[in-house]
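Peer 1: Sending over a structure as structure tokens; questions will come in a sec.
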There are 2 protein chains.
Amino acid sequence: LIHGLDHLAIAVEDLDVAVEQWRTVAGAVVLHREVVVEQKVRVVMLRVGTLQIELLAPTSPDSPVAKFLAKRGPGLHHVALRVDSTQTELDRLSAADVRLIDRSARRGAEETQVGFVHPQAVGGVLVEFVEHGVGSER
Amino acid sequence: LIHGLDHLAIAVEDLDVAVEQWRTVAGAVVLHREVVVEQKVRVVMLRVGTLQIELLAPTSPDSPVAKFLAKRGPGLHHVALRVDSTQTELDRLSAADVRLIDRSARRGAEETQVGFVHPQAVGGVLVEFVEHGVGSER
């Protein structure tokens, strides 16, 4: 089951500048900061009303986000959809021959299980499924 | 006041292909179709759980969406935030010397009043304010 948007992710060069811009333009509040070592990204989660925005900055030049910035510049990076089971969605799409980045769910920020669909399968949009952990409050 | 996400807009080459892709990947349902003459775009509004996605395809080569597609290819186009008053937000940002595309609210799809902030003010992300019309159910 897909519930809707979990968060919107944005690739940025400088996290502090981006936080300040989102504060000015939309009254954003910082919820959470984290480094996801496996993805080589530094993450700041913002809240704008009911919307959660994940700002992503690379921690290394070989981070996937560094490659995105080099190719496309800063901007919208992916759309994360909240699901009951990431693995169930990946299995469903795999069976339908939809091109995936991940065939198996893996760890994301804040104790989530995540998996990415290939942008070619969704008109150039990178889609992530996010399953919040057992025992999580959200 | 900014309530959160109104919708997420995605630029596409072919609306029918995109609708089918979103149906397959995320179980999207078509809510609404419209041509916005002023913006030279054909719009399909989708629902994925609680998320609304606006697919945009140009009706003419001089449409802003045609220029976006030529420059960046298909993908995420803008983030629309739901507000009580678009003009109030534009005035607030104008007074703060934030770079805007629109200084005055104008008509959007489905009887809304909309206004755009310049992407340079928000780290490469095009942000739209959306105010739903008086008498609207939403």
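By convention here, the chains of the structure tokens are called A, B, ... in the order presented, each chain's residues are numbered starting at 1, and ligands are numbered starting at 1 in the order presented.
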Show me, as JSON, numbers by chain, the residues that have an atom within 10 Å of His132 (chain B) when counting only C-alpha atoms, minus same-chain residues fewer than 5 positions from it.
Peer 2: {"B": [6, 82, 83, 84, 85, 86, 108, 109, 110, 111, 112, 113, 114, 137, 138]}
Peer 1: Store the residues picked out above, limited to N, CA, C and O atoms, as a PDB file, in the first residue's frame.
Peer 2:
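The resulting file, out_36.pdb, is shown below:
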ATOM      1  N   ASP B   6       0.807  21.549  -1.790  1.00  0.00           N
ATOM      2  CA  ASP B   6      -0.442  21.481  -2.547  1.00  0.00           C
ATOM      3  C   ASP B   6      -0.305  20.355  -3.578  1.00  0.00           C
ATOM      4  O   ASP B   6      -1.104  19.433  -3.621  1.00  0.00           O
ATOM      5  N   ARG B  82       0.627  25.156  -0.529  1.00  0.00           N
ATOM      6  CA  ARG B  82      -0.720  25.697  -0.346  1.00  0.00           C
ATOM      7  C   ARG B  82      -0.707  26.823   0.687  1.00  0.00           C
ATOM      8  O   ARG B  82      -0.199  26.630   1.788  1.00  0.00           O
ATOM      9  N   VAL B  83      -1.218  27.967   0.299  1.00  0.00           N
ATOM     10  CA  VAL B  83      -1.200  29.132   1.190  1.00  0.00           C
ATOM     11  C   VAL B  83      -2.608  29.723   1.303  1.00  0.00           C
ATOM     12  O   VAL B  83      -3.476  29.469   0.473  1.00  0.00           O
ATOM     13  N   ASP B  84      -2.811  30.522   2.347  1.00  0.00           N
ATOM     14  CA  ASP B  84      -4.083  31.234   2.502  1.00  0.00           C
ATOM     15  C   ASP B  84      -4.198  32.346   1.469  1.00  0.00           C
ATOM     16  O   ASP B  84      -5.267  32.581   0.920  1.00  0.00           O
ATOM     17  N   SER B  85      -3.076  33.054   1.240  1.00  0.00           N
ATOM     18  CA  SER B  85      -3.103  34.185   0.314  1.00  0.00           C
ATOM     19  C   SER B  85      -1.794  34.250  -0.459  1.00  0.00           C
ATOM     20  O   SER B  85      -0.732  34.532   0.103  1.00  0.00           O
ATOM     21  N   THR B  86      -1.872  33.998  -1.761  1.00  0.00           N
ATOM     22  CA  THR B  86      -0.678  34.070  -2.613  1.00  0.00           C
ATOM     23  C   THR B  86      -0.099  35.483  -2.607  1.00  0.00           C
ATOM     24  O   THR B  86       1.116  35.678  -2.482  1.00  0.00           O
ATOM     25  N   GLY B 108      -4.226  30.246 -11.928  1.00  0.00           N
ATOM     26  CA  GLY B 108      -3.645  28.939 -12.228  1.00  0.00           C
ATOM     27  C   GLY B 108      -4.742  27.967 -12.624  1.00  0.00           C
ATOM     28  O   GLY B 108      -5.870  28.369 -12.920  1.00  0.00           O
ATOM     29  N   ALA B 109      -4.412  26.673 -12.641  1.00  0.00           N
ATOM     30  CA  ALA B 109      -5.397  25.642 -12.978  1.00  0.00           C
ATOM     31  C   ALA B 109      -6.477  25.584 -11.886  1.00  0.00           C
ATOM     32  O   ALA B 109      -6.230  25.945 -10.732  1.00  0.00           O
ATOM     33  N   GLU B 110      -7.663  25.108 -12.272  1.00  0.00           N
ATOM     34  CA  GLU B 110      -8.746  24.866 -11.306  1.00  0.00           C
ATOM     35  C   GLU B 110      -9.061  26.063 -10.414  1.00  0.00           C
ATOM     36  O   GLU B 110      -9.179  25.919  -9.191  1.00  0.00           O
ATOM     37  N   GLU B 111      -9.148  27.245 -10.996  1.00  0.00           N
ATOM     38  CA  GLU B 111      -9.577  28.446 -10.266  1.00  0.00           C
ATOM     39  C   GLU B 111      -8.733  28.758  -9.040  1.00  0.00           C
ATOM     40  O   GLU B 111      -9.240  29.092  -7.970  1.00  0.00           O
ATOM     41  N   THR B 112      -7.425  28.637  -9.206  1.00  0.00           N
ATOM     42  CA  THR B 112      -6.528  29.010  -8.118  1.00  0.00           C
ATOM     43  C   THR B 112      -5.862  30.348  -8.443  1.00  0.00           C
ATOM     44  O   THR B 112      -5.848  30.793  -9.591  1.00  0.00           O
ATOM     45  N   GLN B 113      -5.299  30.965  -7.416  1.00  0.00           N
ATOM     46  CA  GLN B 113      -4.437  32.128  -7.580  1.00  0.00           C
ATOM     47  C   GLN B 113      -3.023  31.646  -7.277  1.00  0.00           C
ATOM     48  O   GLN B 113      -2.777  31.082  -6.194  1.00  0.00           O
ATOM     49  N   VAL B 114      -2.111  31.870  -8.209  1.00  0.00           N
ATOM     50  CA  VAL B 114      -0.768  31.317  -8.042  1.00  0.00           C
ATOM     51  C   VAL B 114       0.294  32.396  -8.237  1.00  0.00           C
ATOM     52  O   VAL B 114       0.029  33.451  -8.825  1.00  0.00           O
ATOM     53  N   GLU B 137     -14.131  23.894  -2.819  1.00  0.00           N
ATOM     54  CA  GLU B 137     -14.353  22.898  -1.743  1.00  0.00           C
ATOM     55  C   GLU B 137     -13.072  22.509  -1.064  1.00  0.00           C
ATOM     56  O   GLU B 137     -13.078  21.925   0.003  1.00  0.00           O
ATOM     57  N   ARG B 138     -11.903  22.772  -1.722  1.00  0.00           N
ATOM     58  CA  ARG B 138     -10.671  22.267  -1.172  1.00  0.00           C
ATOM     59  C   ARG B 138      -9.992  23.305  -0.248  1.00  0.00           C
ATOM     60  O   ARG B 138     -10.144  24.469  -0.442  1.00  0.00           O
TER      61      ARG B 138
END
Peer 1: Using only C-alpha atoms and a cut-off of 6 Å, which residues of chain B sit close to chain A? Please list them as a list of chain:residue names.
Peer 2: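 Contact residues on the first chain: B:His3, B:Gly4, B:Leu5, B:Gln21, B:Val48, B:Gly49, B:Thr50, B:Leu51, B:Pro74, B:Gly75, B:Val122, B:Gly124, B:Val125.
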Peer 1: Pick out each residue of chain A that DSSP on the backbone tags as helix (DSSP H, G or I); I need them as a JSON list (two decimals) with C-alpha atoms, in the first residue's frame.
Peer 2:
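Listing of selection-v2.json after writing:
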[["chain", "number", "residue", "atom", "x", "y", "z"],
["A", 15, "LEU", "CA", 23.19, 22.98, 3.67],
["A", 16, "ASP", "CA", 23.33, 26.13, 5.79],
["A", 17, "VAL", "CA", 22.51, 28.39, 2.85],
["A", 18, "ALA", "CA", 19.64, 26.12, 1.81],
["A", 19, "VAL", "CA", 18.18, 25.97, 5.33],
["A", 20, "GLU", "CA", 18.23, 29.76, 5.49],
["A", 21, "GLN", "CA", 16.58, 30.07, 2.06],
["A", 22, "TRP", "CA", 13.77, 27.67, 2.97],
["A", 23, "ARG", "CA", 13.30, 29.49, 6.29],
["A", 24, "THR", "CA", 12.94, 32.83, 4.49],
["A", 25, "VAL", "CA", 10.73, 31.68, 1.63],
["A", 26, "ALA", "CA", 8.51, 29.17, 3.41],
["A", 37, "VAL", "CA", 27.42, 7.06, 5.74],
["A", 38, "GLU", "CA", 26.31, 4.41, 3.20],
["A", 39, "GLN", "CA", 24.99, 7.13, 0.87],
["A", 64, "PRO", "CA", 25.64, 9.85, -5.76],
["A", 65, "VAL", "CA", 24.46, 13.34, -4.74],
["A", 66, "ALA", "CA", 27.81, 14.86, -5.82],
["A", 67, "LYS", "CA", 27.33, 13.24, -9.23],
["A", 68, "PHE", "CA", 23.77, 14.60, -9.43],
["A", 69, "LEU", "CA", 24.99, 18.14, -8.59],
["A", 70, "ALA", "CA", 27.76, 17.94, -11.17],
["A", 71, "LYS", "CA", 25.34, 16.81, -13.87],
["A", 72, "ARG", "CA", 22.14, 18.75, -13.13],
["A", 86, "THR", "CA", 9.30, -1.37, 0.62],
["A", 87, "GLN", "CA", 10.20, -4.95, -0.29],
["A", 88, "THR", "CA", 6.62, -5.71, -1.35],
["A", 89, "GLU", "CA", 6.61, -2.72, -3.73],
["A", 90, "LEU", "CA", 10.04, -3.64, -5.17],
["A", 91, "ASP", "CA", 8.92, -7.23, -5.71],
["A", 92, "ARG", "CA", 5.70, -6.08, -7.39],
["A", 93, "LEU", "CA", 7.61, -3.82, -9.82],
["A", 94, "SER", "CA", 10.31, -6.39, -10.43],
["A", 95, "ALA", "CA", 7.61, -8.90, -11.43],
["A", 109, "ALA", "CA", 17.87, 7.76, 7.25],
["A", 110, "GLU", "CA", 16.07, 7.55, 10.61],
["A", 111, "GLU", "CA", 15.72, 3.76, 10.74],
["A", 119, "PRO", "CA", 14.04, 7.38, -13.20],
["A", 120, "GLN", "CA", 13.58, 5.91, -16.70],
["A", 121, "ALA", "CA", 10.56, 4.00, -15.38],
["A", 122, "VAL", "CA", 8.84, 7.20, -14.19]]
Peer 1: Which residue out of B:Leu31, B:Leu100, B:Ala80, B:Ala105 has the minimum interatomic distance to Glu128 (chain B) when only C-alpha atoms are used?
Peer 2: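 Comparing B:Leu31, B:Leu100, B:Ala80, B:Ala105 against Glu128 (chain B), the winner is B:Ala80.
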Peer 1: With distances taken over only C-alpha atoms, which residue among B:Arg99, B:Arg107, B:His118, B:His7 lies nearest Ile53 (chain B)?
Peer 2: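 Among B:Arg99, B:Arg107, B:His118, B:His7, it is B:His7 that comes nearest to Ile53 (chain B).
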Peer 1: Would you list, as a compact mmCIF listing (two decimals) with N, CA, C and O atoms, in the first residue's frame, the residues of chain A that end up in strand (DSSP E or B) under DSSP run on this structure's backbone?
Peer 2:
# COMPACT_ATOMS: atom_id res chain seq x y z
N ILE A 2 0.51 2.22 -0.85
CA ILE A 2 1.23 3.49 -0.94
C ILE A 2 0.35 4.58 -0.32
O ILE A 2 -0.76 4.80 -0.76
N HIS A 3 0.88 5.25 0.71
CA HIS A 3 0.04 6.20 1.47
C HIS A 3 0.07 7.61 0.89
O HIS A 3 -0.85 8.38 1.15
N GLY A 4 1.17 7.96 0.21
CA GLY A 4 1.31 9.33 -0.30
C GLY A 4 2.75 9.76 -0.15
O GLY A 4 3.65 8.91 -0.10
N LEU A 5 2.96 11.06 -0.06
CA LEU A 5 4.33 11.56 0.04
C LEU A 5 4.89 11.33 1.44
O LEU A 5 4.24 11.65 2.43
N ASP A 6 6.11 10.81 1.50
CA ASP A 6 6.83 10.79 2.77
C ASP A 6 7.63 12.09 2.88
O ASP A 6 7.49 12.83 3.85
N HIS A 7 8.45 12.35 1.89
CA HIS A 7 9.20 13.61 1.86
C HIS A 7 9.66 13.88 0.43
O HIS A 7 9.62 13.01 -0.43
N LEU A 8 10.10 15.10 0.25
CA LEU A 8 10.64 15.57 -1.02
C LEU A 8 12.12 15.82 -0.78
O LEU A 8 12.47 16.48 0.20
N ALA A 9 13.00 15.30 -1.63
CA ALA A 9 14.43 15.47 -1.39
C ALA A 9 15.03 16.44 -2.40
O ALA A 9 14.70 16.40 -3.59
N ILE A 10 15.90 17.29 -1.91
CA ILE A 10 16.50 18.36 -2.71
C ILE A 10 18.01 18.30 -2.54
O ILE A 10 18.52 18.25 -1.41
N ALA A 11 18.72 18.28 -3.65
CA ALA A 11 20.20 18.27 -3.62
C ALA A 11 20.69 19.71 -3.53
O ALA A 11 20.25 20.57 -4.29
N VAL A 29 11.20 24.84 9.33
CA VAL A 29 11.76 24.53 10.64
C VAL A 29 12.65 23.29 10.51
O VAL A 29 12.26 22.34 9.84
N VAL A 30 13.82 23.30 11.14
CA VAL A 30 14.70 22.12 11.11
C VAL A 30 14.19 21.07 12.09
O VAL A 30 14.00 21.35 13.26
N LEU A 31 13.98 19.84 11.57
CA LEU A 31 13.50 18.73 12.40
C LEU A 31 14.63 17.85 12.89
O LEU A 31 14.57 17.28 13.97
N HIS A 32 15.68 17.70 12.07
CA HIS A 32 16.58 16.57 12.26
C HIS A 32 17.81 16.76 11.38
O HIS A 32 17.69 17.27 10.27
N ARG A 33 18.98 16.38 11.89
CA ARG A 33 20.19 16.37 11.06
C ARG A 33 20.83 14.99 11.19
O ARG A 33 20.83 14.41 12.27
N GLU A 34 21.40 14.49 10.10
CA GLU A 34 21.99 13.15 10.15
C GLU A 34 23.01 13.00 9.01
O GLU A 34 22.85 13.63 7.96
N VAL A 35 24.03 12.17 9.23
CA VAL A 35 24.90 11.77 8.14
C VAL A 35 24.57 10.31 7.82
O VAL A 35 24.54 9.48 8.72
N VAL A 36 24.23 10.04 6.55
CA VAL A 36 24.00 8.65 6.13
C VAL A 36 25.28 8.19 5.44
O VAL A 36 25.55 8.54 4.28
N VAL A 41 26.05 11.10 2.29
CA VAL A 41 25.31 12.38 2.30
C VAL A 41 25.09 12.87 3.72
O VAL A 41 24.96 12.10 4.67
N ARG A 42 25.07 14.18 3.82
CA ARG A 42 24.67 14.87 5.03
C ARG A 42 23.23 15.32 4.77
O ARG A 42 22.91 15.85 3.71
N VAL A 43 22.33 15.06 5.75
CA VAL A 43 20.90 15.27 5.58
C VAL A 43 20.39 16.27 6.60
O VAL A 43 20.74 16.17 7.78
N VAL A 44 19.61 17.23 6.16
CA VAL A 44 18.82 18.06 7.08
C VAL A 44 17.36 17.89 6.69
O VAL A 44 16.99 18.11 5.53
N MET A 45 16.54 17.46 7.67
CA MET A 45 15.11 17.33 7.41
C MET A 45 14.40 18.59 7.89
O MET A 45 14.58 19.01 9.03
N LEU A 46 13.63 19.18 6.96
CA LEU A 46 12.88 20.40 7.27
C LEU A 46 11.39 20.10 7.28
O LEU A 46 10.93 19.17 6.62
N ARG A 47 10.64 20.95 7.98
CA ARG A 47 9.19 20.88 7.93
C ARG A 47 8.65 22.23 7.44
O ARG A 47 9.07 23.28 7.93
N VAL A 48 7.75 22.18 6.45
CA VAL A 48 7.04 23.37 5.96
C VAL A 48 5.57 23.02 6.05
O VAL A 48 5.04 22.31 5.20
N LEU A 51 4.48 19.45 5.11
CA LEU A 51 5.44 18.89 4.15
C LEU A 51 6.81 18.68 4.79
O LEU A 51 7.31 19.56 5.49
N GLN A 52 7.41 17.51 4.56
CA GLN A 52 8.79 17.29 4.98
C GLN A 52 9.72 17.37 3.78
O GLN A 52 9.48 16.73 2.76
N ILE A 53 10.77 18.17 3.94
CA ILE A 53 11.76 18.36 2.88
C ILE A 53 13.10 17.86 3.40
O ILE A 53 13.54 18.24 4.48
N GLU A 54 13.74 17.00 2.62
CA GLU A 54 15.05 16.45 2.98
C GLU A 54 16.10 17.14 2.12
O GLU A 54 16.15 16.94 0.90
N LEU A 55 16.95 17.95 2.75
CA LEU A 55 18.06 18.56 2.02
C LEU A 55 19.24 17.60 2.05
O LEU A 55 19.59 17.07 3.11
N LEU A 56 19.86 17.39 0.90
CA LEU A 56 20.96 16.43 0.76
C LEU A 56 22.21 17.15 0.26
O LEU A 56 22.16 17.81 -0.78
N ALA A 57 23.32 16.97 0.98
CA ALA A 57 24.59 17.50 0.50
C ALA A 57 25.62 16.37 0.57
O ALA A 57 25.63 15.59 1.51
N PRO A 58 26.48 16.26 -0.46
CA PRO A 58 27.45 15.16 -0.49
C PRO A 58 28.52 15.33 0.58
O PRO A 58 28.90 16.45 0.91
N GLY A 75 18.84 21.25 -6.94
CA GLY A 75 17.41 21.23 -7.25
C GLY A 75 16.76 19.97 -6.74
O GLY A 75 17.36 19.20 -5.97
N LEU A 76 15.53 19.74 -7.19
CA LEU A 76 14.76 18.58 -6.75
C LEU A 76 15.50 17.30 -7.11
O LEU A 76 15.92 17.12 -8.25
N HIS A 77 15.64 16.41 -6.15
CA HIS A 77 16.42 15.19 -6.35
C HIS A 77 15.55 13.94 -6.44
O HIS A 77 15.71 13.14 -7.36
N HIS A 78 14.66 13.74 -5.49
CA HIS A 78 13.74 12.60 -5.60
C HIS A 78 12.46 12.82 -4.81
O HIS A 78 12.36 13.74 -4.01
N VAL A 79 11.48 11.94 -5.11
CA VAL A 79 10.17 11.96 -4.45
C VAL A 79 10.08 10.67 -3.65
O VAL A 79 10.19 9.58 -4.22
N ALA A 80 9.88 10.80 -2.34
CA ALA A 80 9.80 9.61 -1.50
C ALA A 80 8.35 9.34 -1.13
O ALA A 80 7.67 10.21 -0.57
N LEU A 81 7.88 8.15 -1.47
CA LEU A 81 6.50 7.75 -1.18
C LEU A 81 6.49 6.83 0.04
O LEU A 81 7.31 5.92 0.15
N ARG A 82 5.56 7.09 0.96
CA ARG A 82 5.48 6.27 2.17
C ARG A 82 4.69 5.00 1.90
O ARG A 82 3.56 5.07 1.41
N VAL A 83 5.27 3.87 2.21
CA VAL A 83 4.63 2.57 1.94
C VAL A 83 4.63 1.71 3.20
O VAL A 83 5.39 1.96 4.13
N LEU A 100 14.46 -1.02 -11.90
CA LEU A 100 14.70 -0.61 -10.51
C LEU A 100 16.17 -0.29 -10.29
O LEU A 100 17.04 -0.83 -10.98
N ARG A 106 16.86 -1.47 1.58
CA ARG A 106 18.06 -1.25 2.39
C ARG A 106 17.83 -0.10 3.36
O ARG A 106 16.85 0.61 3.27
N ARG A 107 18.79 0.10 4.27
CA ARG A 107 18.63 1.08 5.33
C ARG A 107 18.68 2.51 4.79
O ARG A 107 19.57 2.86 4.03
N THR A 112 14.73 3.79 8.54
CA THR A 112 13.74 3.41 7.54
C THR A 112 14.31 2.31 6.66
O THR A 112 15.52 2.09 6.61
N GLN A 113 13.42 1.62 5.95
CA GLN A 113 13.80 0.71 4.88
C GLN A 113 13.41 1.39 3.57
O GLN A 113 12.24 1.78 3.40
N VAL A 114 14.39 1.52 2.66
CA VAL A 114 14.12 2.28 1.44
C VAL A 114 14.51 1.48 0.21
O VAL A 114 15.28 0.51 0.29
N GLY A 115 13.97 1.90 -0.93
CA GLY A 115 14.33 1.31 -2.21
C GLY A 115 13.99 2.29 -3.31
O GLY A 115 12.98 2.99 -3.22
N PHE A 116 14.84 2.35 -4.36
CA PHE A 116 14.65 3.33 -5.44
C PHE A 116 14.23 2.64 -6.75
O PHE A 116 14.80 1.61 -7.13
N VAL A 117 13.28 3.29 -7.43
CA VAL A 117 12.88 2.91 -8.78
C VAL A 117 13.77 3.72 -9.73
O VAL A 117 14.14 4.86 -9.44
N VAL A 127 12.09 7.96 -7.91
CA VAL A 127 11.09 7.65 -6.88
C VAL A 127 11.68 6.70 -5.86
O VAL A 127 12.30 5.70 -6.21
N GLU A 128 11.50 7.06 -4.60
CA GLU A 128 11.96 6.22 -3.49
C GLU A 128 10.73 5.71 -2.73
O GLU A 128 9.78 6.47 -2.53
N PHE A 129 10.78 4.46 -2.31
CA PHE A 129 9.77 3.97 -1.36
C PHE A 129 10.39 4.03 0.03
O PHE A 129 11.57 3.68 0.21
N VAL A 130 9.61 4.47 1.01
CA VAL A 130 10.10 4.57 2.39
C VAL A 130 9.13 3.85 3.31
O VAL A 130 7.93 4.15 3.33
N GLU A 131 9.70 2.91 4.06
CA GLU A 131 8.93 2.18 5.08
C GLU A 131 9.53 2.56 6.43
O GLU A 131 10.73 2.41 6.64
N HIS A 132 8.69 3.08 7.31
CA HIS A 132 9.22 3.47 8.62
C HIS A 132 9.33 2.23 9.51
O HIS A 132 8.55 1.29 9.40
